[in-house]
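First comes the structure, then the notes that go with it.
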Amino acid sequence: MAMEETEQSLAAKRESALQSATAGLSSAATREDILRAILDDGGRSLASSAAVAYLRANDKDDKTSLTLVAHVGLTEAIARTCAELSVDSGFPVARSMREGKPLWLAGRTLAADFPDFEQTVRDAFATQALVALPLRVRGEVIAGLGFAFPEAHPFDKGERAFLTTLAERCESAMERALLYEESQEARAAAERSRAEAEAMLRFNEIVAGILAHDLRNPLAAVLMNARLLRNVEPRERAIGERILSSGERMTRMIDQILDWTRVRSAGGHFQLVRTDCDLLAVSEEVVAELRTRSKAEAAIAVETRGPLRGRWDADRLAQVVSNLVGNALEHAKHGGVALRLDGAGDVVRLVVENEGEIDDELWPVLFEPFRGRAAGVKGRGRGLGLGLYISRQIVLAHGGQIVVERAAGARIVVTVTLPRDSAG
């Protein structure tokens, strides 16, 4: 009866020790923390005289070594001596990890089978028995534990079960820690990739900006000479008109590239210079310019209603009108373009309408930079696909909205809504 009570009491103590060790493991984040926790709680519950924990690692020559990451009961001198072990060394933990199975050792076995170990730790701590336990995660031994005892140990069935369970709890915690470490490494790699991508994007934007800026000077010379050709004989005049038309289109493309690089470098935002201005006056100036360089039959009809004043950036709104009306003129089938300005409410609406078509593949990317090209769609326009993107950024910077819709009669309607004043 007394023996049965003793066994029950021992089992209860071991269960309590397991619970304590498991609680300590739950708060450990890294493999090193887990091994330190298991030595503290496990060593205390086992009443061991010393304990060690090693992690497996491969050096630059791909040779396997064992690194001491935690220890209890070792002098600093012994810890330095045993800080790095070869997996082929004659130490109990190394053999246990090499063979992938526990070692249950008594004093005589230690002296006979592990003379190097005995020579190293002689008189450092009491060692009458020792257990070495490999820790396996994902089918691979990645760590090992060693507990030394100051008195003879039978390592009966109950104690072996307890130590094996302790190792299994440690393995589970290390699996969790490994997942955490991998997630941290993946996050760090993603951050590095993002930083590299941002640096490359920034470099490309700078190059594009420099290129666009430096193209302006030779293009200005081309345009000047093209204008001179307009005043000579009919044949040369026609050549001058073609050169002038192409040069002006190149100028608009360069301006769009510069705007795009400015938006990208400013984190996707236009810098506005707001003044009190009249959207009708802005629009009329733009329309007059478009009429001079458009086909005569491509008429632009302007309708207005209500007050059209607000606090906006007039130059940027001129870009919006030019982009939208110019794009509508280019793609209009016939019947010209209608430009309606409506200021009858709290907001001002600018509506551009024409009879035309937009390919189904383009609808999802209409406001994307370089639309069509990036999406693998063959666009009909001769531009870069930046006009709508830049227009949208300008409208958003004013606190407004821009939408494109299909209307009855195969018509395309672009509606810009602008608050008369907004912080920005």
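Chain identifiers are assigned as A, B, and so on, following the order in which chains appear in the structure tokens; residues are numbered from 1 within each chain, and ligands are numbered from 1 in order of appearance.
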So which bits of stretch 90-334 of chain A end up strand (DSSP E) when you DSSP the backbone, as a ChimeraX atom specification? /A:103-106,129-137,140-149,275-278,300-305,309-312
Keeping N, CA and C atoms for every residue in the selection just given, could you write it to a file as a CSV table (one decimal), in the first residue's frame?
chain,number,residue,atom,x,y,z
A,103,LEU,N,19.8,8.2,-25.1
A,103,LEU,CA,20.8,7.4,-24.4
A,103,LEU,C,20.5,7.5,-23.0
A,104,TRP,N,20.5,6.3,-22.3
A,104,TRP,CA,20.3,6.2,-20.9
A,104,TRP,C,21.6,5.6,-20.3
A,105,LEU,N,22.3,6.4,-19.6
A,105,LEU,CA,23.7,6.0,-19.2
A,105,LEU,C,23.9,6.0,-17.7
A,106,ALA,N,24.6,5.0,-17.2
A,106,ALA,CA,25.0,4.9,-15.8
A,106,ALA,C,26.5,5.3,-15.7
A,129,ALA,N,24.8,9.4,-13.4
A,129,ALA,CA,23.9,8.9,-14.5
A,129,ALA,C,23.6,10.1,-15.4
A,130,LEU,N,23.3,9.8,-16.6
A,130,LEU,CA,23.1,10.8,-17.6
A,130,LEU,C,22.1,10.3,-18.7
A,131,VAL,N,21.2,11.3,-19.1
A,131,VAL,CA,20.3,11.0,-20.2
A,131,VAL,C,20.5,12.0,-21.3
A,132,ALA,N,20.6,11.6,-22.6
A,132,ALA,CA,20.7,12.5,-23.7
A,132,ALA,C,19.5,12.2,-24.6
A,133,LEU,N,18.8,13.3,-25.0
A,133,LEU,CA,17.6,13.2,-25.8
A,133,LEU,C,17.7,14.0,-27.1
A,134,PRO,N,17.5,13.4,-28.2
A,134,PRO,CA,17.5,14.1,-29.5
A,134,PRO,C,16.1,14.8,-29.6
A,135,LEU,N,16.1,15.9,-30.2
A,135,LEU,CA,14.8,16.6,-30.5
A,135,LEU,C,14.6,16.7,-32.0
A,136,ARG,N,13.6,16.1,-32.5
A,136,ARG,CA,13.3,16.0,-33.9
A,136,ARG,C,12.1,16.9,-34.3
A,137,VAL,N,12.3,17.7,-35.4
A,137,VAL,CA,11.3,18.6,-35.9
A,137,VAL,C,11.2,18.3,-37.4
A,140,GLU,N,13.6,15.7,-38.8
A,140,GLU,CA,15.1,15.9,-38.7
A,140,GLU,C,15.5,16.3,-37.3
A,141,VAL,N,16.6,15.7,-36.8
A,141,VAL,CA,17.1,16.1,-35.5
A,141,VAL,C,17.8,17.4,-35.6
A,142,ILE,N,17.2,18.4,-34.9
A,142,ILE,CA,17.8,19.8,-34.9
A,142,ILE,C,18.3,20.2,-33.6
A,143,ALA,N,18.1,19.5,-32.5
A,143,ALA,CA,18.6,19.9,-31.2
A,143,ALA,C,18.8,18.7,-30.3
A,144,GLY,N,19.4,18.9,-29.2
A,144,GLY,CA,19.6,17.8,-28.2
A,144,GLY,C,19.7,18.3,-26.8
A,145,LEU,N,19.2,17.5,-25.9
A,145,LEU,CA,19.2,17.8,-24.4
A,145,LEU,C,20.1,16.8,-23.7
A,146,GLY,N,20.7,17.3,-22.7
A,146,GLY,CA,21.5,16.3,-21.8
A,146,GLY,C,21.2,16.7,-20.3
A,147,PHE,N,20.9,15.7,-19.5
A,147,PHE,CA,20.7,15.9,-18.1
A,147,PHE,C,21.6,15.0,-17.3
A,148,ALA,N,22.4,15.5,-16.4
A,148,ALA,CA,23.3,14.7,-15.6
A,148,ALA,C,22.7,14.6,-14.2
A,149,PHE,N,22.9,13.5,-13.5
A,149,PHE,CA,22.3,13.2,-12.2
A,149,PHE,C,23.4,12.9,-11.2
A,275,THR,N,-6.6,78.9,-56.7
A,275,THR,CA,-7.0,80.3,-56.8
A,275,THR,C,-8.5,80.3,-57.2
A,276,ASP,N,-9.1,81.5,-57.0
A,276,ASP,CA,-10.4,81.6,-57.4
A,276,ASP,C,-10.4,81.7,-59.0
A,277,CYS,N,-11.2,80.8,-59.6
A,277,CYS,CA,-11.2,80.7,-61.1
A,277,CYS,C,-12.5,80.3,-61.6
A,278,ASP,N,-12.7,80.5,-62.9
A,278,ASP,CA,-13.9,80.2,-63.6
A,278,ASP,C,-13.7,79.1,-64.5
A,300,ILE,N,-16.8,70.9,-81.5
A,300,ILE,CA,-16.9,70.8,-80.0
A,300,ILE,C,-18.0,71.8,-79.6
A,301,ALA,N,-19.1,71.2,-79.1
A,301,ALA,CA,-20.2,72.0,-78.6
A,301,ALA,C,-20.1,72.2,-77.1
A,302,VAL,N,-20.2,73.4,-76.7
A,302,VAL,CA,-20.1,73.8,-75.3
A,302,VAL,C,-21.5,74.2,-74.7
A,303,GLU,N,-21.9,73.6,-73.6
A,303,GLU,CA,-23.2,74.1,-73.0
A,303,GLU,C,-22.8,74.4,-71.5
A,304,THR,N,-23.5,75.4,-71.0
A,304,THR,CA,-23.2,75.8,-69.6
A,304,THR,C,-24.5,76.0,-68.9
A,305,ARG,N,-24.5,75.9,-67.6
A,305,ARG,CA,-25.6,76.2,-66.7
A,305,ARG,C,-25.1,76.5,-65.3
A,309,ARG,N,-17.8,79.1,-60.9
A,309,ARG,CA,-16.6,79.5,-60.2
A,309,ARG,C,-16.3,78.6,-59.0
A,310,GLY,N,-15.0,78.5,-58.7
A,310,GLY,CA,-14.6,77.7,-57.5
A,310,GLY,C,-13.2,78.0,-57.2
A,311,ARG,N,-12.7,77.4,-56.2
A,311,ARG,CA,-11.3,77.6,-55.8
A,311,ARG,C,-10.5,76.3,-56.2
A,312,TRP,N,-9.9,76.4,-57.4
A,312,TRP,CA,-9.2,75.3,-58.0
A,312,TRP,C,-7.8,75.7,-58.5
Nearest-residue call for A:Phe91, choices A:Thr292, A:Gln119, A:Thr75, A:Ser49, using only C-alpha atoms: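 Looking at the shortest contact to A:Phe91, the residue is A:Gln119.
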So that I can check the surroundings of A:Val87, please list as a PyMOL selection string every protein, DNA and RNA residue that reaches within 12 Å of it, counting only C-alpha atoms and ignoring chain neighbours fewer than 6 positions away. chain A and resi 54-58+63-67+93-100+141-144
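Interatomic distance, atom CA of A:Leu46 against atom CA of A:Phe117: 21.5 Å.
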Straight-line distance linking atom CA of A:Ala177 with atom CA of A:Glu196, stated in Å to one decimal: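 Going from atom CA of A:Ala177 over to atom CA of A:Glu196, I get 28.3 Å.
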Need the shell around A:Glu159: protein/DNA/RNA residues with any atom at most 12 Å away, counting only C-alpha atoms. Skip same-chain ones fewer than 4 positions apart. Format as a PyMOL selection string? chain A and resi 7+10-11+13-15+45-46+104+131+153-155+163-166
Mind dumping the selected residues with N, CA, C and O atoms as a PDB file, in the first residue's frame?
ATOM      1  N   GLU A   7       4.280   5.489  -5.632  1.00  0.00           N
ATOM      2  CA  GLU A   7       4.222   5.542  -7.097  1.00  0.00           C
ATOM      3  C   GLU A   7       3.196   6.570  -7.559  1.00  0.00           C
ATOM      4  O   GLU A   7       3.436   7.320  -8.508  1.00  0.00           O
ATOM      5  N   LEU A  10       4.686   9.977  -6.990  1.00  0.00           N
ATOM      6  CA  LEU A  10       5.713  10.258  -7.990  1.00  0.00           C
ATOM      7  C   LEU A  10       5.082  10.616  -9.331  1.00  0.00           C
ATOM      8  O   LEU A  10       5.520  11.549 -10.010  1.00  0.00           O
ATOM      9  N   ALA A  11       4.035   9.890  -9.689  1.00  0.00           N
ATOM     10  CA  ALA A  11       3.335  10.171 -10.946  1.00  0.00           C
ATOM     11  C   ALA A  11       2.707  11.559 -10.915  1.00  0.00           C
ATOM     12  O   ALA A  11       2.733  12.303 -11.907  1.00  0.00           O
ATOM     13  N   LYS A  13       3.764  14.120  -9.150  1.00  0.00           N
ATOM     14  CA  LYS A  13       4.844  15.093  -9.236  1.00  0.00           C
ATOM     15  C   LYS A  13       5.317  15.257 -10.684  1.00  0.00           C
ATOM     16  O   LYS A  13       5.585  16.368 -11.155  1.00  0.00           O
ATOM     17  N   ARG A  14       5.425  14.145 -11.383  1.00  0.00           N
ATOM     18  CA  ARG A  14       5.861  14.207 -12.780  1.00  0.00           C
ATOM     19  C   ARG A  14       4.830  14.935 -13.640  1.00  0.00           C
ATOM     20  O   ARG A  14       5.183  15.721 -14.513  1.00  0.00           O
ATOM     21  N   GLU A  15       3.554  14.671 -13.382  1.00  0.00           N
ATOM     22  CA  GLU A  15       2.503  15.358 -14.141  1.00  0.00           C
ATOM     23  C   GLU A  15       2.540  16.856 -13.865  1.00  0.00           C
ATOM     24  O   GLU A  15       2.388  17.683 -14.782  1.00  0.00           O
ATOM     25  N   SER A  45      12.744  20.113 -11.985  1.00  0.00           N
ATOM     26  CA  SER A  45      11.837  19.021 -11.624  1.00  0.00           C
ATOM     27  C   SER A  45      12.564  17.685 -11.546  1.00  0.00           C
ATOM     28  O   SER A  45      12.181  16.806 -10.765  1.00  0.00           O
ATOM     29  N   LEU A  46      13.648  17.540 -12.321  1.00  0.00           N
ATOM     30  CA  LEU A  46      14.395  16.283 -12.320  1.00  0.00           C
ATOM     31  C   LEU A  46      15.474  16.246 -11.239  1.00  0.00           C
ATOM     32  O   LEU A  46      16.070  15.191 -11.003  1.00  0.00           O
ATOM     33  N   TRP A 104      20.479   6.302 -22.317  1.00  0.00           N
ATOM     34  CA  TRP A 104      20.273   6.204 -20.867  1.00  0.00           C
ATOM     35  C   TRP A 104      21.553   5.619 -20.297  1.00  0.00           C
ATOM     36  O   TRP A 104      21.872   4.457 -20.515  1.00  0.00           O
ATOM     37  N   VAL A 131      21.225  11.277 -19.140  1.00  0.00           N
ATOM     38  CA  VAL A 131      20.321  10.986 -20.247  1.00  0.00           C
ATOM     39  C   VAL A 131      20.539  12.027 -21.331  1.00  0.00           C
ATOM     40  O   VAL A 131      20.698  13.223 -21.040  1.00  0.00           O
ATOM     41  N   HIS A 153      20.809   6.255 -11.231  1.00  0.00           N
ATOM     42  CA  HIS A 153      19.436   6.351 -11.708  1.00  0.00           C
ATOM     43  C   HIS A 153      19.060   5.074 -12.430  1.00  0.00           C
ATOM     44  O   HIS A 153      19.785   4.650 -13.338  1.00  0.00           O
ATOM     45  N   PRO A 154      17.964   4.475 -12.044  1.00  0.00           N
ATOM     46  CA  PRO A 154      17.582   3.246 -12.748  1.00  0.00           C
ATOM     47  C   PRO A 154      16.935   3.528 -14.102  1.00  0.00           C
ATOM     48  O   PRO A 154      16.868   2.654 -14.962  1.00  0.00           O
ATOM     49  N   PHE A 155      16.453   4.766 -14.303  1.00  0.00           N
ATOM     50  CA  PHE A 155      15.700   5.114 -15.506  1.00  0.00           C
ATOM     51  C   PHE A 155      14.631   4.069 -15.796  1.00  0.00           C
ATOM     52  O   PHE A 155      14.604   3.414 -16.839  1.00  0.00           O
ATOM     53  N   LEU A 163      10.582  11.601 -19.297  1.00  0.00           N
ATOM     54  CA  LEU A 163      11.589  12.323 -20.062  1.00  0.00           C
ATOM     55  C   LEU A 163      11.259  12.349 -21.554  1.00  0.00           C
ATOM     56  O   LEU A 163      11.473  13.339 -22.239  1.00  0.00           O
ATOM     57  N   THR A 164      10.726  11.261 -22.083  1.00  0.00           N
ATOM     58  CA  THR A 164      10.338  11.208 -23.487  1.00  0.00           C
ATOM     59  C   THR A 164       9.207  12.192 -23.770  1.00  0.00           C
ATOM     60  O   THR A 164       9.207  12.896 -24.778  1.00  0.00           O
ATOM     61  N   THR A 165       8.240  12.250 -22.846  1.00  0.00           N
ATOM     62  CA  THR A 165       7.126  13.192 -23.005  1.00  0.00           C
ATOM     63  C   THR A 165       7.626  14.623 -22.926  1.00  0.00           C
ATOM     64  O   THR A 165       7.177  15.508 -23.675  1.00  0.00           O
ATOM     65  N   LEU A 166       8.567  14.872 -22.009  1.00  0.00           N
ATOM     66  CA  LEU A 166       9.156  16.201 -21.890  1.00  0.00           C
ATOM     67  C   LEU A 166       9.815  16.610 -23.213  1.00  0.00           C
ATOM     68  O   LEU A 166       9.660  17.744 -23.672  1.00  0.00           O
TER      69      LEU A 166
END
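Here atom CA of A:Val287 is placed at a distance of 11.4 Å from atom CA of A:Gln319.
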